[in-house]
Amino acid sequence: MKVQEKAMIPSEIRRILDARHHDPFSVLGRHEIDGEILVRSFLPQAAEAWVVEAGDAPMTRLEGTDLFEWRGDALPRPYRIRWSDGHGHEHVAWDPYGFDPLLSDFDIHLFNEGRHWHAWRLMGAHVQSVGEVDGVRFTVWAPGAERVSVVGDFNRWDGRCHPMRVRGGSGIWELFIPGLEPGCLYKYEIRNRDSGEVMVKTDPYGQHFELRPKTAGVVPAPADYDWHDGEWLARRHGEGWLHRPMSIYEVHLGSWRRGPEGEFLGYRELAHALVDYVKRLGFTHIELLPVTEHPFDASWGYQTTGYYAPTSRFGTPEDFRYFVDHCHANDIGVILDWAPGHFPKDRHALARFDGTALYEHEDPRKGEHRDWGTLIFNYGRNEVRNFLVSSALYWVEEFHIDGLRVDAVASMLYLDYSREPGDWEPNRYGGNENLEAIDFIRELNNVVQGQHPGALIIAEESTSWPQVTRPTWLGGLGFSMKWNMGWMHDTLEYFKKDPIHRHYHHDQLTFGLLYAFTENFVLPFSHDEVVHGKRSLLYRMPGDEWQRFANLRLLYTYMWAYPGKKLLFMGGEFGQGDEWDAANQLDWYVLDYPLHQGMQHLVGDLNRLYRDHPALHQHDFDWQGFEWIDCHDAAQSVLSFLRKNGDELMVVALSFTPVPREGYRLGVPRPGRYEVVLNSDSSHYGGSNLGQPAAQSEDIPWMGHPHSIVLTLPPLGGLILRHSG
């Protein structure tokens with residue numbers, strides 16, 4: 001366009017042509033001016049254009065531009081524009097600028113107040129009908145933008161074609177584009193109002209994305225999956241999870257199993273293979289490393305870009321719904337790892353979304369994780385809290401997820417987390433607590449558990465922060481459960497020691513009972529314990545091959561008998577030898593060898609024992625279900641305790657040295673026969689088969705109890721006995 005011609009174009013129209021108009025609806029579309037109808041349409045590919053509902057009236061091109069105008073006496077709404085391109089092809093479409101706003105003022109108010117708990121219904125891309133016209137409504141929050149456009153495969157990714165309508169001072173932009181259908185690819189092109197920087201961003205509320213490395217959003221079809229888990233959900237809502245057995249199998253879907261060419265399995269394939277396996281081994285729940293969309297495989301999903309989208313690596317959202325439904329049909333719960341503590345700096349996603357620090361803090365002392373090279377959410381901003389709380393509800397409501405495990409809670413709670421002095425800013429009281437994050441966490445727990453009783457919110461919290469799993473109205477954070485990181489660390493530190501030295505470190509096993517009932521604890525041997533040079537659990541055990549396997553069998557027996565829910569990362573159940581490699585499937589071939597088969601048999605039997613005997617799970621979170629028999633036998637490295645529920649009584653005896661101990665006397669509270677229901681040294685599990693099937697009590701007081709039994713304790717072995725009267 002010549003400079004002289006450009007100077008003659010009104011500034012309002014020039015801003016449309018330059019794709020920098022803040023209010024495109026004031027120029028484009030249908031307008032009544034002095035009793036006359038004016039229609040303007042920007043058609044960069046058009047040679048000629050007509051207004052269909054005006055009797056195919058021709059439009060006039062504004063000289064030197066791609067903007068067309070028509071003036072007339074009457075025109076209904078909505079109306080269509082027909083145009084021909086330079087190749088003689090004709091196109092007809094309803095004019096997006098002929099429609100009124102679709103979002104209600106009340107919805108916008110709730111969103112800005114941070115109280116729109118179902119924000120995914122408001123924001124993002126949604127197939128919608130306006131009268132008789134079908135299309136897609138797009139909505140995005142970008143308060144720092146001068147102009148926002150929807151770009152996609154339907155407009156050649158041209159940001160001039162579909163600029164959006166801003167809704168007052170809310171920062172929300174919306175546009176209904178008629179004729180679009182599910183499957184269209186789209187992004188948002190955003191021009192910052194201060195710098196003029198133009199960015200192309202994925203939809204923060206996108207529900208489906210292209211397979212990485214591509215990043216465009218995919219317009220989702222309306223969810224119409226036919227769920228069959230009503231009975232499961234009713235039971236989840238009605239039963240007290242505190243007193244139910246919970247044994248969790250933690251899984252990274254991309255490396256549990258792969259196809260014959262090393263390809264990912266889909267959600268539907270995984271549903272059948274994984275559920276069959278987990279059910280056979282007796283686990284009650286599957287916990288998935290994040291399946292929220294993420295650009296980088298090596299982040300394992302913890303650096304999320306799509307907080308509302310199951311990753312397309314394994315299929316579509318409908319495929320993931322099938323996965324969850326199939327789990328529930330087989331009485332398997334599904335927990336999803338969820339990472340609201342940080343997000344990656346990838347330019348296509350949330351980072352500086354509208355050219356400002358919108359989702360993060362501007363100050364890097366608050367807004368950046370030094371360890372991970374990621375950004376921290378600004379929990380003090382209403383719309384950011386709304387984004388995260390709504391995301392949590394989305395997975396529970398739309399995908400029937402049974403719980404969320406919240407990653408890296410400690411990094412959220414402390415302003416000085418992993419920071420040097422001077423590299424953090426105290427809160428308004430001078431402390432290191434992140435008050436805004438605390439408020440967010442409490443709101444998250446109140447909303448999700450209030451809306452869906454029985455849905456679990458589990459904290460990965462590694463510090464001594466008090467009352468993590470206590471109600472918010474008592475001053476707690478309100479989580480359902482917390483990973484017992486202290487128990488995990490002390491236990492593995494103890495087990496890695498040569499048995500000859502263990503008597504010096506006996507307190508590493510007994511100390512945990514001093515705080516075991518201060519929170520609702522999960523006992524985790526997670527993916528974090530088998531990566532970054534830590535080696536597999538099997539190879540963290542000392543000794544020769546036999547001792548390594550015996551130690552690991554003893555470790556699992558101790559864990560399953562100890563108060564608390566259980567979590568084990570995939571591969572641990574059969575003694576995976578190599579450290580976990582997310583780029584390859586587990587070493588399933590080792591199950592050709594008897595010791596690995598035995599380990600798998602043991603885990604299955606422990607799960608069934610734990611599930612079938614209320615004494616081992618009914619009181620996981622209170623002293624009523626636990627009593628020491630003897631915690632002081634450091635000299636022989638032996639622990640013994642009771643697990644109880646009503647009349648059911650279980651005796652647990654654990655020997656942490658490779659020395660058989662015959663004639664070992666234990667005090668018991670009741671007379672009668674005590675049957676061995678599990679011996680980790682059984683030949684069925686690969687052990688030496690030392691021990692006895694049962695013990696009869698004697699009227700010899702011992703260890704503060706009126707009766708006692710005499711056992712043969714196997715080397716590096718654990719016995720669980722049940723009182724049978």
# chains A, B, ... in the order shown; residues from 1 in each chain; ligands from 1

$ residues_around --residues "segment 24-37 of chain A" --least-positions-apart "4" --cutoff "6 Å" --atoms "only C-alpha atoms" --output "PyMOL selection string"
chain A and resi 41+71-73+97-98

$ write_last_selection --atoms "all heavy atoms" --output "PDB file, in the first residue's frame"
ATOM      1  N   SER A  41     -16.305  -6.200   6.330  1.00  0.00           N
ATOM      2  CA  SER A  41     -15.721  -7.531   6.486  1.00  0.00           C
ATOM      3  C   SER A  41     -14.299  -7.508   5.953  1.00  0.00           C
ATOM      4  O   SER A  41     -14.046  -6.982   4.865  1.00  0.00           O
ATOM      5  CB  SER A  41     -16.557  -8.574   5.730  1.00  0.00           C
ATOM      6  OG  SER A  41     -16.105  -9.873   5.997  1.00  0.00           O
ATOM      7  N   ARG A  71     -23.548  -1.153   2.050  1.00  0.00           N
ATOM      8  CA  ARG A  71     -24.523  -0.270   2.690  1.00  0.00           C
ATOM      9  C   ARG A  71     -25.895  -0.567   2.104  1.00  0.00           C
ATOM     10  O   ARG A  71     -26.028  -0.772   0.901  1.00  0.00           O
ATOM     11  CB  ARG A  71     -24.165   1.204   2.466  1.00  0.00           C
ATOM     12  CG  ARG A  71     -22.853   1.626   3.130  1.00  0.00           C
ATOM     13  CD  ARG A  71     -22.483   3.070   2.781  1.00  0.00           C
ATOM     14  NE  ARG A  71     -21.169   3.403   3.284  1.00  0.00           N
ATOM     15  CZ  ARG A  71     -20.931   3.929   4.496  1.00  0.00           C
ATOM     16  NH1 ARG A  71     -21.957   4.184   5.306  1.00  0.00           N
ATOM     17  NH2 ARG A  71     -19.700   4.210   4.872  1.00  0.00           N
ATOM     18  N   GLY A  72     -26.889  -0.587   2.998  1.00  0.00           N
ATOM     19  CA  GLY A  72     -28.241  -0.849   2.530  1.00  0.00           C
ATOM     20  C   GLY A  72     -29.269  -0.462   3.571  1.00  0.00           C
ATOM     21  O   GLY A  72     -28.942   0.071   4.640  1.00  0.00           O
ATOM     22  N   ASP A  73     -30.525  -0.796   3.242  1.00  0.00           N
ATOM     23  CA  ASP A  73     -31.616  -0.356   4.114  1.00  0.00           C
ATOM     24  C   ASP A  73     -31.969  -1.371   5.193  1.00  0.00           C
ATOM     25  O   ASP A  73     -32.437  -1.005   6.272  1.00  0.00           O
ATOM     26  CB  ASP A  73     -32.867  -0.064   3.268  1.00  0.00           C
ATOM     27  CG  ASP A  73     -32.642   1.100   2.309  1.00  0.00           C
ATOM     28  OD1 ASP A  73     -31.852   1.993   2.674  1.00  0.00           O
ATOM     29  OD2 ASP A  73     -33.243   1.081   1.227  1.00  0.00           O
ATOM     30  N   TYR A  97     -18.762 -11.397  13.018  1.00  0.00           N
ATOM     31  CA  TYR A  97     -18.975 -10.088  13.642  1.00  0.00           C
ATOM     32  C   TYR A  97     -20.433  -9.658  13.571  1.00  0.00           C
ATOM     33  O   TYR A  97     -20.760  -8.505  13.871  1.00  0.00           O
ATOM     34  CB  TYR A  97     -18.026  -9.071  13.007  1.00  0.00           C
ATOM     35  CG  TYR A  97     -16.595  -9.506  13.214  1.00  0.00           C
ATOM     36  CD1 TYR A  97     -15.938 -10.269  12.247  1.00  0.00           C
ATOM     37  CD2 TYR A  97     -15.944  -9.250  14.404  1.00  0.00           C
ATOM     38  CE1 TYR A  97     -14.652 -10.743  12.464  1.00  0.00           C
ATOM     39  CE2 TYR A  97     -14.657  -9.718  14.632  1.00  0.00           C
ATOM     40  CZ  TYR A  97     -14.024 -10.467  13.664  1.00  0.00           C
ATOM     41  OH  TYR A  97     -12.760 -10.938  13.893  1.00  0.00           O
ATOM     42  N   GLY A  98     -21.299 -10.609  13.226  1.00  0.00           N
ATOM     43  CA  GLY A  98     -22.733 -10.356  13.236  1.00  0.00           C
ATOM     44  C   GLY A  98     -23.440 -10.967  14.431  1.00  0.00           C
ATOM     45  O   GLY A  98     -24.666 -11.042  14.453  1.00  0.00           O
TER      46      GLY A  98
END

$ residues_around --residues "Leu649 of chain A" --least-positions-apart "5" --cutoff "9 Å" --atoms "only C-alpha atoms" --output "ChimeraX atom specification"
/A:615,642-644,721-724

$ closest_residue --among "A:Glu397, A:Lys366, A:Ile709, A:Arg673" --to "Asp423 of chain A" --atoms "only C-alpha atoms"
A:Lys366

$ closest_residue --among "A:Pro222, A:Pro245, A:Thr356, A:Val278" --to "Gly196 of chain A" --atoms "only C-alpha atoms"
A:Thr356

$ select_by_dssp --residues "segment 226-439 of chain A" --states "alpha helix (DSSP H)" --output "MDAnalysis selection string"
chainID A and resid 230:238 253:256 267:281 317:329 364:367 382:398 409:413 435:439

$ write_last_selection --atoms "C-alpha atoms" --output "PDB file, in the first residue's frame"
ATOM      1  CA  GLY A 230     -22.064 -44.928  38.665  1.00  0.00           C
ATOM      2  CA  GLU A 231     -21.903 -47.648  41.301  1.00  0.00           C
ATOM      3  CA  TRP A 232     -18.179 -47.033  41.812  1.00  0.00           C
ATOM      4  CA  LEU A 233     -18.681 -43.271  42.256  1.00  0.00           C
ATOM      5  CA  ALA A 234     -21.549 -43.802  44.697  1.00  0.00           C
ATOM      6  CA  ARG A 235     -19.405 -46.160  46.741  1.00  0.00           C
ATOM      7  CA  ARG A 236     -16.487 -43.730  46.665  1.00  0.00           C
ATOM      8  CA  HIS A 237     -18.752 -40.965  47.918  1.00  0.00           C
ATOM      9  CA  GLY A 238     -20.326 -43.025  50.672  1.00  0.00           C
ATOM     10  CA  LEU A 253       2.404 -44.764  31.051  1.00  0.00           C
ATOM     11  CA  GLY A 254       5.131 -44.119  28.493  1.00  0.00           C
ATOM     12  CA  SER A 255       7.544 -46.650  29.964  1.00  0.00           C
ATOM     13  CA  TRP A 256       5.447 -49.297  31.697  1.00  0.00           C
ATOM     14  CA  TYR A 267      -4.992 -45.347  26.625  1.00  0.00           C
ATOM     15  CA  ARG A 268      -7.364 -48.139  25.559  1.00  0.00           C
ATOM     16  CA  GLU A 269      -4.619 -50.737  25.159  1.00  0.00           C
ATOM     17  CA  LEU A 270      -3.134 -49.694  28.474  1.00  0.00           C
ATOM     18  CA  ALA A 271      -6.534 -49.887  30.146  1.00  0.00           C
ATOM     19  CA  HIS A 272      -6.769 -53.624  29.544  1.00  0.00           C
ATOM     20  CA  ALA A 273      -3.117 -54.609  29.959  1.00  0.00           C
ATOM     21  CA  LEU A 274      -2.472 -52.454  33.032  1.00  0.00           C
ATOM     22  CA  VAL A 275      -5.742 -53.187  34.818  1.00  0.00           C
ATOM     23  CA  ASP A 276      -5.357 -56.939  34.310  1.00  0.00           C
ATOM     24  CA  TYR A 277      -1.855 -56.761  35.757  1.00  0.00           C
ATOM     25  CA  VAL A 278      -2.690 -54.511  38.697  1.00  0.00           C
ATOM     26  CA  LYS A 279      -5.782 -56.506  39.573  1.00  0.00           C
ATOM     27  CA  ARG A 280      -3.832 -59.761  39.528  1.00  0.00           C
ATOM     28  CA  LEU A 281      -1.289 -58.299  41.966  1.00  0.00           C
ATOM     29  CA  PRO A 317      -9.685 -37.358  25.779  1.00  0.00           C
ATOM     30  CA  GLU A 318     -12.375 -39.946  25.022  1.00  0.00           C
ATOM     31  CA  ASP A 319      -9.708 -42.664  25.093  1.00  0.00           C
ATOM     32  CA  PHE A 320      -8.598 -41.475  28.521  1.00  0.00           C
ATOM     33  CA  ARG A 321     -12.197 -41.534  29.750  1.00  0.00           C
ATOM     34  CA  TYR A 322     -12.332 -45.152  28.619  1.00  0.00           C
ATOM     35  CA  PHE A 323      -9.142 -45.875  30.575  1.00  0.00           C
ATOM     36  CA  VAL A 324     -10.623 -44.509  33.823  1.00  0.00           C
ATOM     37  CA  ASP A 325     -13.996 -46.179  33.242  1.00  0.00           C
ATOM     38  CA  HIS A 326     -12.329 -49.546  32.672  1.00  0.00           C
ATOM     39  CA  CYS A 327     -10.304 -49.141  35.872  1.00  0.00           C
ATOM     40  CA  HIS A 328     -13.487 -48.450  37.833  1.00  0.00           C
ATOM     41  CA  ALA A 329     -15.254 -51.396  36.230  1.00  0.00           C
ATOM     42  CA  PRO A 364      12.150 -13.665  39.723  1.00  0.00           C
ATOM     43  CA  ARG A 365      12.676 -13.978  43.489  1.00  0.00           C
ATOM     44  CA  LYS A 366       9.040 -15.065  43.624  1.00  0.00           C
ATOM     45  CA  GLY A 367       8.432 -16.200  40.094  1.00  0.00           C
ATOM     46  CA  ASN A 382      -7.753 -14.382  41.526  1.00  0.00           C
ATOM     47  CA  GLU A 383      -7.809 -15.615  37.962  1.00  0.00           C
ATOM     48  CA  VAL A 384      -4.690 -17.765  38.483  1.00  0.00           C
ATOM     49  CA  ARG A 385      -6.154 -19.469  41.551  1.00  0.00           C
ATOM     50  CA  ASN A 386      -9.347 -19.944  39.571  1.00  0.00           C
ATOM     51  CA  PHE A 387      -7.373 -21.555  36.733  1.00  0.00           C
ATOM     52  CA  LEU A 388      -5.815 -24.106  39.099  1.00  0.00           C
ATOM     53  CA  VAL A 389      -8.810 -24.915  41.307  1.00  0.00           C
ATOM     54  CA  SER A 390     -10.941 -25.330  38.211  1.00  0.00           C
ATOM     55  CA  SER A 391      -8.305 -27.634  36.693  1.00  0.00           C
ATOM     56  CA  ALA A 392      -8.458 -29.890  39.754  1.00  0.00           C
ATOM     57  CA  LEU A 393     -12.247 -30.072  39.556  1.00  0.00           C
ATOM     58  CA  TYR A 394     -12.057 -30.673  35.815  1.00  0.00           C
ATOM     59  CA  TRP A 395     -10.170 -33.947  36.225  1.00  0.00           C
ATOM     60  CA  VAL A 396     -12.484 -35.132  38.992  1.00  0.00           C
ATOM     61  CA  GLU A 397     -15.692 -34.217  37.169  1.00  0.00           C
ATOM     62  CA  GLU A 398     -14.907 -34.696  33.499  1.00  0.00           C
ATOM     63  CA  VAL A 409       3.991 -28.888  47.902  1.00  0.00           C
ATOM     64  CA  ALA A 410       7.026 -27.835  49.951  1.00  0.00           C
ATOM     65  CA  SER A 411       8.207 -25.631  47.087  1.00  0.00           C
ATOM     66  CA  MET A 412       4.836 -23.886  47.203  1.00  0.00           C
ATOM     67  CA  LEU A 413       4.744 -23.365  50.960  1.00  0.00           C
ATOM     68  CA  LEU A 435       0.787 -16.934  52.482  1.00  0.00           C
ATOM     69  CA  GLU A 436      -0.851 -16.734  49.061  1.00  0.00           C
ATOM     70  CA  ALA A 437       0.052 -20.338  48.264  1.00  0.00           C
ATOM     71  CA  ILE A 438      -1.306 -21.456  51.635  1.00  0.00           C
ATOM     72  CA  ASP A 439      -4.615 -19.740  50.910  1.00  0.00           C
TER      73      ASP A 439
END

$ select_by_dssp --residues "segment 44-176 of chain A" --states "strand (DSSP E)" --output "ChimeraX atom specification"
/A:46-51,57-58,60-61,67-72,80-85,90-94,124-130,133-141,145-152,165-166,172-176

$ closest_residue --among "A:His707, A:Trp580, A:Leu62, A:Leu586" --to "Pro10 of chain A" --atoms "only C-alpha atoms"
A:Leu62

$ closest_residue --among "A:Asn607, A:Ser104, A:Thr60, A:Asn192" --to "His21 of chain A" --atoms "only C-alpha atoms"
A:Asn192

$ residues_around --residues "Leu538 of chain A" --least-positions-apart "6" --cutoff "9 Å" --atoms "only C-alpha atoms" --output "list in words"
Arg548, Phe549, Asn551, Leu552, Gly572, Gly575, Gln576, Gly577 and Asp578 of chain A

$ write_last_selection --atoms "N, CA, C and O atoms" --output "compact mmCIF listing (two decimals), in the first residue's frame"
# COMPACT_ATOMS: atom_id res chain seq x y z
N ARG A 548 20.36 -59.44 48.63
CA ARG A 548 19.64 -58.30 48.06
C ARG A 548 18.15 -58.62 47.95
O ARG A 548 17.29 -57.81 48.32
N PHE A 549 17.85 -59.79 47.41
CA PHE A 549 16.43 -60.15 47.26
C PHE A 549 15.77 -60.34 48.63
O PHE A 549 14.62 -59.92 48.83
N ASN A 551 16.60 -58.89 51.45
CA ASN A 551 16.42 -57.56 52.02
C ASN A 551 15.21 -56.85 51.41
O ASN A 551 14.43 -56.21 52.13
N LEU A 552 15.05 -56.96 50.10
CA LEU A 552 13.93 -56.28 49.46
C LEU A 552 12.61 -56.92 49.87
O LEU A 552 11.61 -56.21 50.11
N GLY A 572 9.23 -52.09 40.85
CA GLY A 572 9.63 -52.50 42.18
C GLY A 572 8.98 -53.79 42.60
O GLY A 572 9.54 -54.54 43.41
N GLY A 575 11.27 -56.54 41.33
CA GLY A 575 12.71 -56.40 41.52
C GLY A 575 13.44 -55.97 40.26
O GLY A 575 14.45 -56.57 39.89
N GLN A 576 12.93 -54.92 39.60
CA GLN A 576 13.63 -54.35 38.45
C GLN A 576 15.08 -54.10 38.84
O GLN A 576 15.37 -53.52 39.88
N GLY A 577 16.00 -54.51 37.97
CA GLY A 577 17.42 -54.37 38.30
C GLY A 577 17.99 -53.03 37.92
O GLY A 577 18.73 -52.41 38.68
N ASP A 578 17.66 -52.58 36.72
CA ASP A 578 18.20 -51.30 36.25
C ASP A 578 17.41 -50.14 36.83
O ASP A 578 16.21 -50.25 37.09

$ residues_around --residues "Pro143 of chain A" --least-positions-apart "2" --cutoff "12 Å" --atoms "only C-alpha atoms" --output "PyMOL selection string"
chain A and resi 22+112+140-141+145-148+166-173+190-194+352-359+383

$ write_last_selection --atoms "N, CA and C atoms" --output "short mmCIF file (atom, residue, chain, number, x, y, z; two decimals), in the first residue's frame"
data_model
loop_
_atom_site.label_atom_id
_atom_site.label_comp_id
_atom_site.auth_asym_id
_atom_site.auth_seq_id
_atom_site.Cartn_x
_atom_site.Cartn_y
_atom_site.Cartn_z
N HIS A 22 -8.17 -2.71 19.42
CA HIS A 22 -8.60 -3.28 20.69
C HIS A 22 -10.06 -3.71 20.66
N ASN A 112 -13.37 -13.30 37.41
CA ASN A 112 -12.48 -12.26 37.91
C ASN A 112 -12.37 -12.27 39.44
N VAL A 140 -10.53 -16.45 26.02
CA VAL A 140 -9.20 -16.46 26.61
C VAL A 140 -9.04 -15.24 27.50
N TRP A 141 -8.22 -15.37 28.51
CA TRP A 141 -7.93 -14.27 29.45
C TRP A 141 -6.56 -13.71 29.12
N ALA A 145 -3.26 -7.49 26.74
CA ALA A 145 -3.25 -7.48 25.27
C ALA A 145 -3.90 -6.23 24.72
N GLU A 146 -3.34 -5.74 23.63
CA GLU A 146 -4.00 -4.72 22.82
C GLU A 146 -4.99 -5.37 21.87
N ARG A 147 -4.62 -6.55 21.36
CA ARG A 147 -5.46 -7.28 20.42
C ARG A 147 -5.19 -8.76 20.58
N VAL A 148 -6.24 -9.56 20.52
CA VAL A 148 -6.11 -11.02 20.53
C VAL A 148 -6.90 -11.56 19.35
N VAL A 166 -13.16 -7.91 23.31
CA VAL A 166 -12.79 -7.82 24.71
C VAL A 166 -14.03 -7.47 25.53
N ARG A 167 -14.15 -8.09 26.71
CA ARG A 167 -15.32 -7.87 27.55
C ARG A 167 -15.00 -6.86 28.65
N GLY A 168 -15.14 -5.59 28.30
CA GLY A 168 -14.92 -4.51 29.26
C GLY A 168 -13.52 -4.55 29.82
N GLY A 169 -13.40 -4.38 31.14
CA GLY A 169 -12.09 -4.39 31.79
C GLY A 169 -11.76 -5.72 32.41
N SER A 170 -12.46 -6.78 32.00
CA SER A 170 -12.27 -8.10 32.62
C SER A 170 -10.99 -8.79 32.16
N GLY A 171 -10.43 -8.35 31.03
CA GLY A 171 -9.29 -9.06 30.45
C GLY A 171 -9.69 -10.29 29.67
N ILE A 172 -11.00 -10.57 29.57
CA ILE A 172 -11.50 -11.74 28.84
C ILE A 172 -11.84 -11.34 27.41
N TRP A 173 -11.40 -12.16 26.47
CA TRP A 173 -11.68 -11.98 25.05
C TRP A 173 -12.49 -13.17 24.56
N ILE A 190 -1.49 -12.88 20.10
CA ILE A 190 -1.68 -11.82 21.08
C ILE A 190 -0.67 -10.70 20.83
N ARG A 191 -1.20 -9.48 20.77
CA ARG A 191 -0.33 -8.30 20.64
C ARG A 191 -0.36 -7.55 21.97
N ASN A 192 0.81 -7.40 22.59
CA ASN A 192 0.89 -6.70 23.86
C ASN A 192 0.61 -5.22 23.68
N ARG A 193 -0.17 -4.65 24.59
CA ARG A 193 -0.62 -3.26 24.43
C ARG A 193 0.48 -2.24 24.68
N ASP A 194 1.52 -2.61 25.43
CA ASP A 194 2.59 -1.66 25.74
C ASP A 194 3.76 -1.77 24.78
N ARG A 352 4.71 -15.63 30.30
CA ARG A 352 4.46 -14.29 29.78
C ARG A 352 3.39 -14.35 28.69
N PHE A 353 2.25 -14.86 29.11
CA PHE A 353 1.22 -15.24 28.15
C PHE A 353 0.76 -14.09 27.27
N ASP A 354 0.52 -12.93 27.85
CA ASP A 354 0.08 -11.78 27.05
C ASP A 354 1.16 -10.71 26.96
N GLY A 355 2.41 -11.13 27.13
CA GLY A 355 3.52 -10.18 27.13
C GLY A 355 3.83 -9.63 28.50
N THR A 356 3.03 -10.06 29.49
CA THR A 356 3.29 -9.68 30.88
C THR A 356 3.42 -10.95 31.71
N ALA A 357 3.87 -10.78 32.95
CA ALA A 357 3.91 -11.91 33.88
C ALA A 357 2.49 -12.16 34.36
N LEU A 358 1.72 -12.87 33.57
CA LEU A 358 0.29 -13.03 33.82
C LEU A 358 0.03 -14.16 34.81
N TYR A 359 0.54 -15.34 34.53
CA TYR A 359 0.34 -16.48 35.42
C TYR A 359 1.44 -16.58 36.47
N GLU A 383 -7.60 -14.82 39.17
CA GLU A 383 -7.81 -15.61 37.96
C GLU A 383 -6.84 -16.79 37.88
#

$ closest_atom_pairs --of "segment 412-507 of chain A" --to "segment 616-629 of chain A" --cutoff "12 Å" --atoms "only C-alpha atoms" --output "CSV"
residue,atom,partner,partner_atom,distance
A:Thr469,CA,A:Phe621,CA,10.9
A:Arg470,CA,A:Phe621,CA,12.0
A:Ser480,CA,A:Phe621,CA,11.4
A:Met481,CA,A:Phe621,CA,9.9
A:Lys482,CA,A:Phe621,CA,11.3

$ write_last_selection --atoms "all heavy atoms" --output "PDB file, in the first residue's frame"
ATOM      1  N   THR A 469      -2.595 -32.648  56.877  1.00  0.00           N
ATOM      2  CA  THR A 469      -3.800 -33.434  56.589  1.00  0.00           C
ATOM      3  C   THR A 469      -4.895 -33.204  57.627  1.00  0.00           C
ATOM      4  O   THR A 469      -5.761 -34.062  57.818  1.00  0.00           O
ATOM      5  CB  THR A 469      -3.459 -34.934  56.517  1.00  0.00           C
ATOM      6  OG1 THR A 469      -2.913 -35.352  57.788  1.00  0.00           O
ATOM      7  CG2 THR A 469      -2.444 -35.208  55.437  1.00  0.00           C
ATOM      8  N   ARG A 470      -4.861 -32.040  58.238  1.00  0.00           N
ATOM      9  CA  ARG A 470      -5.918 -31.699  59.172  1.00  0.00           C
ATOM     10  C   ARG A 470      -6.849 -30.669  58.530  1.00  0.00           C
ATOM     11  O   ARG A 470      -6.448 -29.920  57.647  1.00  0.00           O
ATOM     12  CB  ARG A 470      -5.335 -31.173  60.487  1.00  0.00           C
ATOM     13  CG  ARG A 470      -4.508 -32.219  61.236  1.00  0.00           C
ATOM     14  CD  ARG A 470      -5.340 -33.451  61.587  1.00  0.00           C
ATOM     15  NE  ARG A 470      -4.555 -34.500  62.254  1.00  0.00           N
ATOM     16  CZ  ARG A 470      -4.210 -35.640  61.707  1.00  0.00           C
ATOM     17  NH1 ARG A 470      -4.553 -35.900  60.455  1.00  0.00           N
ATOM     18  NH2 ARG A 470      -3.525 -36.541  62.380  1.00  0.00           N
ATOM     19  N   SER A 480      -6.071 -34.722  52.120  1.00  0.00           N
ATOM     20  CA  SER A 480      -6.551 -36.024  52.582  1.00  0.00           C
ATOM     21  C   SER A 480      -5.420 -36.825  53.210  1.00  0.00           C
ATOM     22  O   SER A 480      -5.568 -37.408  54.291  1.00  0.00           O
ATOM     23  CB  SER A 480      -7.143 -36.821  51.417  1.00  0.00           C
ATOM     24  OG  SER A 480      -8.062 -36.072  50.677  1.00  0.00           O
ATOM     25  N   MET A 481      -4.293 -36.873  52.509  1.00  0.00           N
ATOM     26  CA  MET A 481      -3.135 -37.640  52.960  1.00  0.00           C
ATOM     27  C   MET A 481      -1.860 -36.917  52.558  1.00  0.00           C
ATOM     28  O   MET A 481      -1.875 -35.980  51.769  1.00  0.00           O
ATOM     29  CB  MET A 481      -3.152 -39.048  52.356  1.00  0.00           C
ATOM     30  CG  MET A 481      -4.195 -39.967  52.959  1.00  0.00           C
ATOM     31  SD  MET A 481      -4.195 -41.627  52.215  1.00  0.00           S
ATOM     32  CE  MET A 481      -5.100 -41.311  50.711  1.00  0.00           C
ATOM     33  N   LYS A 482      -0.766 -37.399  53.116  1.00  0.00           N
ATOM     34  CA  LYS A 482       0.556 -36.836  52.846  1.00  0.00           C
ATOM     35  C   LYS A 482       1.552 -37.973  52.690  1.00  0.00           C
ATOM     36  O   LYS A 482       1.503 -38.952  53.447  1.00  0.00           O
ATOM     37  CB  LYS A 482       0.983 -35.919  54.000  1.00  0.00           C
ATOM     38  CG  LYS A 482       2.447 -35.510  53.997  1.00  0.00           C
ATOM     39  CD  LYS A 482       2.802 -34.667  55.219  1.00  0.00           C
ATOM     40  CE  LYS A 482       4.314 -34.445  55.286  1.00  0.00           C
ATOM     41  NZ  LYS A 482       4.705 -33.504  56.356  1.00  0.00           N
TER      42      LYS A 482
END

$ atom_distance --atom1 "atom CA of Glu443 of chain A" --atom2 "atom CA of Tyr379 of chain A"
11.0 Å

$ closest_residue --among "A:Phe656, A:Tyr593, A:Phe641, A:Phe377" --to "His505 of chain A" --atoms "only C-alpha atoms"
A:Phe656

$ residues_around --residues "Glu529 of chain A" --least-positions-apart "4" --cutoff "10 Å" --atoms "only C-alpha atoms" --output "PyMOL selection string"
chain A and resi 488-489+492+524-525+533-537+540+569+579-580
